[in-house]
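What follows is the content of upload03.txt (compact mmCIF, C-alpha atoms).
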# COMPACT_ATOMS: atom_id res chain seq x y z
CA ASN A 790 21.22 -126.30 -39.35
CA THR A 791 23.02 -123.03 -38.78
CA ALA A 792 22.25 -120.90 -35.73
CA VAL A 793 23.95 -117.63 -34.82
CA GLY A 794 22.66 -115.49 -31.95
CA PHE A 795 21.18 -115.73 -28.47
CA LEU A 796 18.50 -118.47 -28.31
CA SER A 797 18.39 -118.85 -32.07
CA LEU A 798 16.97 -122.29 -32.97
CA SER A 799 17.23 -123.16 -29.27
CA ALA A 800 14.17 -125.50 -29.24
CA ASN A 801 14.95 -127.28 -32.48
CA THR A 802 14.90 -131.10 -32.35
CA THR A 803 14.32 -132.68 -35.77
CA GLY A 804 13.96 -129.65 -38.02
CA ALA A 805 16.60 -129.74 -40.75
CA ASP A 806 18.20 -127.32 -43.19
CA ASN A 807 17.34 -124.19 -41.19
CA THR A 808 19.41 -121.04 -41.07
CA SER A 809 18.93 -118.69 -38.14
CA VAL A 810 20.93 -115.51 -37.65
CA GLY A 811 19.90 -113.06 -34.94
CA THR A 812 18.73 -112.94 -31.34
CA GLN A 813 15.82 -115.36 -30.79
CA SER A 814 15.54 -116.06 -34.48
CA LEU A 815 13.56 -119.30 -35.02
CA GLN A 816 13.64 -119.70 -31.25
CA LEU A 817 10.61 -122.01 -30.90
CA ASN A 818 11.11 -124.01 -34.05
CA VAL A 819 11.06 -127.73 -33.24
CA THR A 820 10.41 -129.71 -36.43
CA GLY A 821 10.13 -127.06 -39.13
CA ALA A 822 12.60 -127.43 -41.98
CA SER A 823 14.18 -125.31 -44.68
CA ASN A 824 13.51 -121.98 -42.96
CA SER A 825 15.79 -118.95 -43.12
CA GLY A 826 15.67 -116.16 -40.55
CA PHE A 827 18.01 -113.19 -40.64
CA GLY A 828 17.42 -110.56 -37.98
CA ARG A 829 16.26 -110.26 -34.39
CA TYR A 830 13.01 -112.15 -33.66
CA THR A 831 12.64 -113.40 -37.23
CA LEU A 832 10.38 -116.44 -37.33
CA GLN A 833 10.60 -116.57 -33.54
CA ASN A 834 7.41 -118.64 -33.03
CA ASN A 835 7.68 -120.66 -36.19
CA THR A 836 6.96 -124.40 -36.30
CA ALA A 837 6.39 -124.66 -40.07
CA SER A 838 8.69 -125.15 -43.06
CA ASN A 839 9.93 -123.29 -46.12
CA ASN A 840 9.69 -119.71 -44.84
CA THR A 841 12.17 -116.89 -45.38
CA ALA A 842 12.34 -113.84 -43.13
CA VAL A 843 14.85 -110.98 -43.39
CA GLY A 844 14.59 -107.97 -41.08
CA LYS A 845 13.75 -107.36 -37.43
CA SER A 846 10.57 -109.21 -36.39
CA ALA A 847 9.81 -110.38 -39.93
CA LEU A 848 7.35 -113.30 -39.69
CA GLN A 849 7.80 -113.19 -35.91
CA GLU A 850 4.37 -114.62 -35.00
CA ASN A 851 4.26 -117.22 -37.75
CA THR A 852 3.40 -120.66 -36.41
CA SER A 853 2.17 -123.04 -39.11
CA GLY A 854 2.15 -120.83 -42.20
CA THR A 855 4.36 -122.19 -44.97
CA GLN A 856 6.11 -120.83 -48.03
CA ASN A 857 6.05 -117.21 -46.90
CA THR A 858 8.72 -114.66 -47.77
CA ALA A 859 9.13 -111.49 -45.72
CA VAL A 860 11.87 -108.94 -46.33
CA GLY A 861 11.85 -105.78 -44.24
CA SER A 862 11.47 -104.82 -40.61
CA GLY A 863 8.01 -105.87 -39.42
CA ALA A 864 7.09 -107.52 -42.70
CA LEU A 865 4.42 -110.18 -42.14
CA ASP A 866 5.22 -109.99 -38.43
CA SER A 867 1.65 -110.89 -37.34
CA ASN A 868 1.22 -113.75 -39.77
CA THR A 869 0.24 -116.96 -37.98
CA THR A 870 -1.15 -119.69 -40.23
CA ALA A 871 -1.38 -118.10 -43.68
CA ALA A 872 0.72 -119.46 -46.51
CA ASN A 873 2.20 -118.31 -49.80
CA ASN A 874 2.54 -114.62 -48.93
CA SER A 875 5.34 -112.37 -50.14
CA ALA A 876 6.09 -109.08 -48.38
CA PHE A 877 8.90 -106.72 -49.29
CA GLY A 878 9.26 -103.42 -47.45
CA TYR A 879 8.89 -101.93 -44.00
CA ASN A 880 5.73 -103.30 -42.36
CA ALA A 881 4.49 -104.78 -45.62
CA LEU A 882 1.56 -107.09 -44.80
CA GLY A 883 2.37 -106.33 -41.17
CA ALA A 884 -1.12 -107.11 -39.79
CA ASN A 885 -1.76 -110.17 -41.90
CA THR A 886 -2.81 -113.19 -39.86
CA THR A 887 -4.56 -115.79 -42.02
CA GLY A 888 -4.84 -114.12 -45.43
CA ALA A 889 -3.05 -116.24 -48.02
CA SER A 890 -1.42 -115.73 -51.39
CA ASN A 891 -0.90 -111.97 -51.01
CA VAL A 892 1.95 -109.95 -52.47
CA GLY A 893 2.94 -106.64 -50.88
CA ILE A 894 5.91 -104.73 -52.28
CA GLY A 895 6.62 -101.30 -50.85
CA GLN A 896 6.55 -99.59 -47.47
CA PHE A 897 3.17 -100.10 -45.76
CA SER A 898 1.76 -102.03 -48.71
CA LEU A 899 -1.21 -104.12 -47.52
CA ASP A 900 -0.08 -103.38 -43.96
CA ALA A 901 -3.62 -103.47 -42.48
CA ASN A 902 -4.64 -106.66 -44.26
CA THR A 903 -5.69 -109.41 -41.87
CA THR A 904 -7.64 -112.13 -43.68
CA GLY A 905 -7.90 -110.81 -47.24
CA ALA A 906 -6.43 -113.19 -49.81
CA SER A 907 -4.97 -113.06 -53.31
CA ASN A 908 -4.24 -109.33 -53.23
CA THR A 909 -1.30 -107.72 -55.00
CA ALA A 910 0.02 -104.32 -53.91
CA LEU A 911 3.04 -102.67 -55.49
CA GLY A 912 4.03 -99.22 -54.28
CA HIS A 913 4.25 -97.13 -51.11
CA ASN A 914 0.89 -97.29 -49.28
CA ALA A 915 -0.70 -99.39 -52.01
CA LEU A 916 -3.78 -101.11 -50.54
CA THR A 917 -2.61 -99.94 -47.11
CA GLY A 918 -6.16 -99.83 -45.69
CA ASN A 919 -7.24 -103.21 -47.02
CA THR A 920 -8.40 -105.48 -44.21
CA THR A 921 -10.52 -108.45 -45.32
CA ALA A 922 -11.03 -107.86 -49.04
CA SER A 923 -9.64 -110.23 -51.65
CA ASN A 924 -8.62 -110.29 -55.29
CA ASN A 925 -7.45 -106.67 -55.58
CA THR A 926 -4.49 -105.42 -57.58
CA ALA A 927 -2.93 -102.03 -56.87
CA VAL A 928 0.15 -100.73 -58.63
CA GLY A 929 1.48 -97.26 -57.86
CA LYS A 930 2.00 -95.04 -54.82
CA GLY A 931 -1.29 -94.74 -52.94
CA ALA A 932 -3.23 -96.93 -55.35
CA LEU A 933 -6.41 -98.26 -53.67
CA GLU A 934 -4.98 -96.79 -50.46
CA ALA A 935 -8.29 -96.50 -48.57
CA ASN A 936 -9.85 -99.76 -49.73
CA THR A 937 -11.12 -101.85 -46.84
CA THR A 938 -13.58 -104.48 -48.08
CA GLY A 939 -13.96 -103.76 -51.80
CA THR A 940 -13.12 -106.80 -53.92
CA ASN A 941 -11.98 -107.56 -57.46
CA ASN A 942 -10.55 -104.08 -58.10
CA THR A 943 -7.62 -103.21 -60.32
CA ALA A 944 -5.88 -99.84 -59.97
CA VAL A 945 -2.71 -98.92 -61.83
CA GLY A 946 -1.16 -95.48 -61.47
CA VAL A 947 -0.20 -93.00 -58.77
CA SER A 948 -3.25 -92.48 -56.51
CA ALA A 949 -5.49 -94.49 -58.81
CA GLY A 950 -8.62 -95.34 -56.84
CA THR A 951 -7.02 -93.95 -53.71
CA ALA A 952 -10.39 -93.12 -52.07
CA VAL A 953 -12.11 -96.42 -52.83
CA THR A 954 -13.44 -97.99 -49.63
CA THR A 955 -16.01 -100.67 -50.46
CA ALA A 956 -16.44 -100.39 -54.23
CA GLY A 957 -15.91 -103.57 -56.21
CA GLU A 958 -15.23 -104.66 -59.78
CA ALA A 959 -13.48 -101.39 -60.64
CA THR A 960 -10.76 -101.03 -63.26
CA LEU A 961 -8.81 -97.80 -62.84
CA ILE A 962 -5.76 -97.24 -64.99
CA GLY A 963 -3.85 -93.97 -65.12
CA ARG A 964 -2.58 -91.31 -62.75
CA HIS A 965 -5.47 -90.17 -60.53
CA ALA A 966 -7.93 -92.38 -62.41
CA GLY A 967 -11.04 -92.70 -60.25
CA ILE A 968 -9.27 -90.78 -57.51
CA SER A 969 -12.54 -89.72 -55.84
CA LEU A 970 -14.37 -93.03 -56.23
CA THR A 971 -15.54 -94.42 -52.89
CA THR A 972 -18.43 -96.90 -53.08
CA GLY A 973 -19.45 -96.86 -56.74
CA SER A 974 -18.93 -100.31 -58.24
CA SER A 975 -18.33 -101.74 -61.70
CA ASN A 976 -16.63 -98.63 -63.10
CA THR A 977 -13.92 -98.64 -65.74
CA PHE A 978 -11.75 -95.53 -65.99
CA ILE A 979 -8.74 -95.63 -68.28
CA GLY A 980 -6.56 -92.55 -68.70
CA GLY A 981 -5.00 -89.93 -66.51
CA ARG A 982 -7.70 -88.25 -64.33
CA ALA A 983 -10.42 -90.33 -65.99
CA GLY A 984 -13.54 -90.32 -63.83
CA GLN A 985 -11.68 -88.09 -61.42
CA ASN A 986 -14.77 -86.69 -59.67
CA THR A 987 -16.97 -89.78 -59.69
CA THR A 988 -17.72 -90.94 -56.15
CA THR A 989 -20.70 -93.30 -55.86
CA ALA A 990 -21.95 -93.70 -59.44
CA ILE A 991 -21.95 -97.23 -60.84
CA GLU A 992 -21.33 -98.94 -64.18
CA ASN A 993 -19.52 -96.12 -65.97
CA THR A 994 -16.88 -96.50 -68.66
CA ALA A 995 -14.49 -93.68 -69.50
CA VAL A 996 -11.47 -94.00 -71.78
CA GLY A 997 -9.10 -91.12 -72.40
CA GLN A 998 -7.32 -88.31 -70.62
CA ALA A 999 -9.76 -86.63 -68.20
CA ALA A 1000 -12.72 -88.56 -69.65
CA LEU A 1001 -15.90 -88.23 -67.53
CA LEU A 1002 -14.02 -85.64 -65.52
CA THR A 1003 -17.06 -83.96 -63.99
CA ASN A 1004 -19.40 -86.97 -63.74
Write-out of the structure in structure tokens:
Amino acid sequence: NTAVGFLSLSANTTGADNTSVGTQSLQLNVTGASNSGFGRYTLQNNTASNNTAVGKSALQENTSGTQNTAVGSGALDSNTTAANNSAFGYNALGANTTGASNVGIGQFSLDANTTGASNTALGHNALTGNTTASNNTAVGKGALEANTTGTNNTAVGVSAGTAVTTAGEATLIGRHAGISLTTGSSNTFIGGRAGQNTTTAIENTAVGQAALLTN
């Protein structure tokens, strides 16, 4: 083990192959192995193994969650028992507690997520409002930004599906595709501004630039 900083790895007994750099990094780890913490309070409450935290308070509250990677100040800092999460960016997945197998890349990506699982967010504010919903994919700044409990959505493009709250089974590809959609489910909009004004309508398919623009 390697420990650098005040109280870093101070409770460790049998945990092996840990690296702790920073004040109170991995402070409460006792038996957890193969963890790496770089930054103040990283993995402070950790007892599990195979976690990597880089940045102030990254994975700070983690206790038994394994195989998590957090890079960025506050990334995954509330995570407790969830496993297999990857967070890159300031406060990425910052509220996550037990949601597993999420990927958040970008500042505030998935930062409100608590128990939602198997979500992928790539871009500033992507899926930032998501709380308990699962199986969503958002790629692009503000994609699926307001989604809270809508599941099985895919949004690719700047602000694609940015107003979606509870809608599910939506496929929105293109800049501003489905930008006004809120609760309408099972819509497919492919193309820049496709379905731009649709809000609550269901089961629509629009392919092409500005298709179904005034629906």
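Ranking A:Ser862, A:Asn941, A:Ser809, A:Ser838 by their shortest atom-to-atom distance to Gly821 of chain A, with all atoms listed in the file included, puts A:Ser838 first.
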Excluding segment 801-805 of chain A and residues on its chain fewer than 5 positions from it, collect all residues at most 9 Å away from it, counting only C-alpha atoms, and give them as an MDAnalysis selection string. chainID A and resid 790 815:824 836 838
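The residue that comes closest to Thr808 of chain A, out of A:Gly981, A:Gly826, A:Gly794, A:Gly854 and on the basis of only C-alpha atoms, is A:Gly826.
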Please list as a count of residues only every residue within 7 Å of segment 923-931 of chain A, counting only C-alpha atoms and excluding residues in the same chain fewer than 3 positions away. 23
Tell me which protein, DNA and RNA residues are within 8 Å of Gly957 of chain A, counting all atoms listed in the file, leaving out same-chain ones fewer than 2 positions away, and put them as a PDB file with C-alpha atoms, in the coordinates of the input.
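Below is the file around24.pdb, written as the result:
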ATOM      1  CA  GLY A 939     -13.960-103.760 -51.800  1.00  0.00           C
ATOM      2  CA  THR A 940     -13.120-106.800 -53.920  1.00  0.00           C
ATOM      3  CA  ASN A 941     -11.980-107.560 -57.460  1.00  0.00           C
ATOM      4  CA  ASN A 942     -10.550-104.080 -58.100  1.00  0.00           C
ATOM      5  CA  THR A 955     -16.010-100.670 -50.460  1.00  0.00           C
ATOM      6  CA  ALA A 959     -13.480-101.390 -60.640  1.00  0.00           C
ATOM      7  CA  THR A 972     -18.430 -96.900 -53.080  1.00  0.00           C
ATOM      8  CA  GLY A 973     -19.450 -96.860 -56.740  1.00  0.00           C
ATOM      9  CA  SER A 974     -18.930-100.310 -58.240  1.00  0.00           C
ATOM     10  CA  SER A 975     -18.330-101.740 -61.700  1.00  0.00           C
TER      11      SER A 975
END
Have segment 922-948 of chain A completed to N, CA, C and O atoms, please, and pass it along as an mmCIF file, keeping the file's coordinate frame.
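Contents of rebuild00.cif, as written:
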data_model
loop_
_atom_site.group_PDB
_atom_site.id
_atom_site.type_symbol
_atom_site.label_atom_id
_atom_site.label_comp_id
_atom_site.auth_asym_id
_atom_site.auth_seq_id
_atom_site.Cartn_x
_atom_site.Cartn_y
_atom_site.Cartn_z
ATOM 1 N N ALA A 922 -10.673 -107.712 -47.622
ATOM 2 C CA ALA A 922 -11.030 -107.860 -49.040
ATOM 3 C C ALA A 922 -10.008 -108.707 -49.788
ATOM 4 O O ALA A 922 -8.831 -108.758 -49.430
ATOM 5 N N SER A 923 -10.489 -109.345 -50.857
ATOM 6 C CA SER A 923 -9.640 -110.230 -51.650
ATOM 7 C C SER A 923 -9.652 -109.857 -53.122
ATOM 8 O O SER A 923 -10.508 -109.102 -53.590
ATOM 9 N N ASN A 924 -8.681 -110.377 -53.829
ATOM 10 C CA ASN A 924 -8.620 -110.290 -55.290
ATOM 11 C C ASN A 924 -8.501 -108.856 -55.805
ATOM 12 O O ASN A 924 -9.112 -108.494 -56.817
ATOM 13 N N ASN A 925 -7.723 -108.037 -55.118
ATOM 14 C CA ASN A 925 -7.450 -106.670 -55.580
ATOM 15 C C ASN A 925 -6.011 -106.564 -56.075
ATOM 16 O O ASN A 925 -5.108 -107.216 -55.543
ATOM 17 N N THR A 926 -5.831 -105.702 -57.070
ATOM 18 C CA THR A 926 -4.490 -105.420 -57.580
ATOM 19 C C THR A 926 -4.279 -103.918 -57.599
ATOM 20 O O THR A 926 -5.065 -103.180 -58.204
ATOM 21 N N ALA A 927 -3.235 -103.458 -56.929
ATOM 22 C CA ALA A 927 -2.930 -102.030 -56.870
ATOM 23 C C ALA A 927 -1.460 -101.815 -57.194
ATOM 24 O O ALA A 927 -0.586 -102.370 -56.529
ATOM 25 N N VAL A 928 -1.220 -101.007 -58.217
ATOM 26 C CA VAL A 928 0.150 -100.730 -58.630
ATOM 27 C C VAL A 928 0.354 -99.225 -58.705
ATOM 28 O O VAL A 928 -0.312 -98.541 -59.497
ATOM 29 N N GLY A 929 1.219 -98.694 -57.877
ATOM 30 C CA GLY A 929 1.480 -97.260 -57.860
ATOM 31 C C GLY A 929 1.321 -96.698 -56.460
ATOM 32 O O GLY A 929 0.519 -97.197 -55.659
ATOM 33 N N LYS A 930 2.067 -95.665 -56.149
ATOM 34 C CA LYS A 930 2.000 -95.040 -54.820
ATOM 35 C C LYS A 930 0.566 -94.622 -54.498
ATOM 36 O O LYS A 930 -0.067 -93.899 -55.251
ATOM 37 N N GLY A 931 0.035 -95.121 -53.388
ATOM 38 C CA GLY A 931 -1.290 -94.740 -52.940
ATOM 39 C C GLY A 931 -2.439 -95.376 -53.704
ATOM 40 O O GLY A 931 -3.598 -95.043 -53.455
ATOM 41 N N ALA A 932 -2.154 -96.286 -54.599
ATOM 42 C CA ALA A 932 -3.230 -96.930 -55.350
ATOM 43 C C ALA A 932 -4.113 -97.753 -54.413
ATOM 44 O O ALA A 932 -3.617 -98.511 -53.586
ATOM 45 N N LEU A 933 -5.425 -97.554 -54.523
ATOM 46 C CA LEU A 933 -6.410 -98.260 -53.670
ATOM 47 C C LEU A 933 -6.054 -98.132 -52.184
ATOM 48 O O LEU A 933 -6.289 -99.039 -51.387
ATOM 49 N N GLU A 934 -5.511 -97.016 -51.815
ATOM 50 C CA GLU A 934 -4.980 -96.790 -50.460
ATOM 51 C C GLU A 934 -6.025 -96.937 -49.362
ATOM 52 O O GLU A 934 -5.740 -97.458 -48.283
ATOM 53 N N ALA A 935 -7.266 -96.493 -49.612
ATOM 54 C CA ALA A 935 -8.290 -96.500 -48.570
ATOM 55 C C ALA A 935 -9.193 -97.731 -48.624
ATOM 56 O O ALA A 935 -10.091 -97.882 -47.797
ATOM 57 N N ASN A 936 -8.976 -98.596 -49.594
ATOM 58 C CA ASN A 936 -9.850 -99.760 -49.730
ATOM 59 C C ASN A 936 -9.823 -100.621 -48.470
ATOM 60 O O ASN A 936 -8.768 -100.922 -47.920
ATOM 61 N N THR A 937 -11.024 -100.998 -48.023
ATOM 62 C CA THR A 937 -11.120 -101.850 -46.840
ATOM 63 C C THR A 937 -11.700 -103.218 -47.199
ATOM 64 O O THR A 937 -11.073 -104.242 -46.970
ATOM 65 N N THR A 938 -12.912 -103.207 -47.784
ATOM 66 C CA THR A 938 -13.580 -104.480 -48.080
ATOM 67 C C THR A 938 -13.989 -104.622 -49.544
ATOM 68 O O THR A 938 -14.614 -105.622 -49.908
ATOM 69 N N GLY A 939 -13.646 -103.653 -50.379
ATOM 70 C CA GLY A 939 -13.960 -103.760 -51.800
ATOM 71 C C GLY A 939 -13.143 -104.855 -52.460
ATOM 72 O O GLY A 939 -11.947 -104.984 -52.214
ATOM 73 N N THR A 940 -13.797 -105.646 -53.313
ATOM 74 C CA THR A 940 -13.120 -106.800 -53.920
ATOM 75 C C THR A 940 -13.044 -106.672 -55.441
ATOM 76 O O THR A 940 -13.793 -105.926 -56.067
ATOM 77 N N ASN A 941 -12.123 -107.427 -56.001
ATOM 78 C CA ASN A 941 -11.980 -107.560 -57.460
ATOM 79 C C ASN A 941 -11.729 -106.217 -58.147
ATOM 80 O O ASN A 941 -12.261 -105.950 -59.231
ATOM 81 N N ASN A 942 -10.918 -105.371 -57.518
ATOM 82 C CA ASN A 942 -10.550 -104.080 -58.100
ATOM 83 C C ASN A 942 -9.147 -104.137 -58.672
ATOM 84 O O ASN A 942 -8.268 -104.810 -58.131
ATOM 85 N N THR A 943 -8.948 -103.368 -59.741
ATOM 86 C CA THR A 943 -7.620 -103.210 -60.320
ATOM 87 C C THR A 943 -7.334 -101.724 -60.483
ATOM 88 O O THR A 943 -8.106 -101.006 -61.129
ATOM 89 N N ALA A 944 -6.260 -101.253 -59.875
ATOM 90 C CA ALA A 944 -5.880 -99.840 -59.970
ATOM 91 C C ALA A 944 -4.399 -99.747 -60.301
ATOM 92 O O ALA A 944 -3.563 -100.288 -59.580
ATOM 93 N N VAL A 945 -4.098 -99.064 -61.398
ATOM 94 C CA VAL A 945 -2.710 -98.920 -61.830
ATOM 95 C C VAL A 945 -2.421 -97.455 -62.089
ATOM 96 O O VAL A 945 -3.041 -96.836 -62.963
ATOM 97 N N GLY A 946 -1.506 -96.891 -61.321
ATOM 98 C CA GLY A 946 -1.160 -95.480 -61.470
ATOM 99 C C GLY A 946 -1.097 -94.796 -60.123
ATOM 100 O O GLY A 946 -1.766 -95.211 -59.169
ATOM 101 N N VAL A 947 -0.313 -93.751 -60.017
ATOM 102 C CA VAL A 947 -0.200 -93.000 -58.770
ATOM 103 C C VAL A 947 -1.574 -92.518 -58.329
ATOM 104 O O VAL A 947 -2.298 -91.882 -59.093
ATOM 105 N N SER A 948 -1.977 -92.878 -57.118
ATOM 106 C CA SER A 948 -3.250 -92.480 -56.510
ATOM 107 C C SER A 948 -4.480 -92.965 -57.263
ATOM 108 O O SER A 948 -5.586 -92.467 -57.030
#
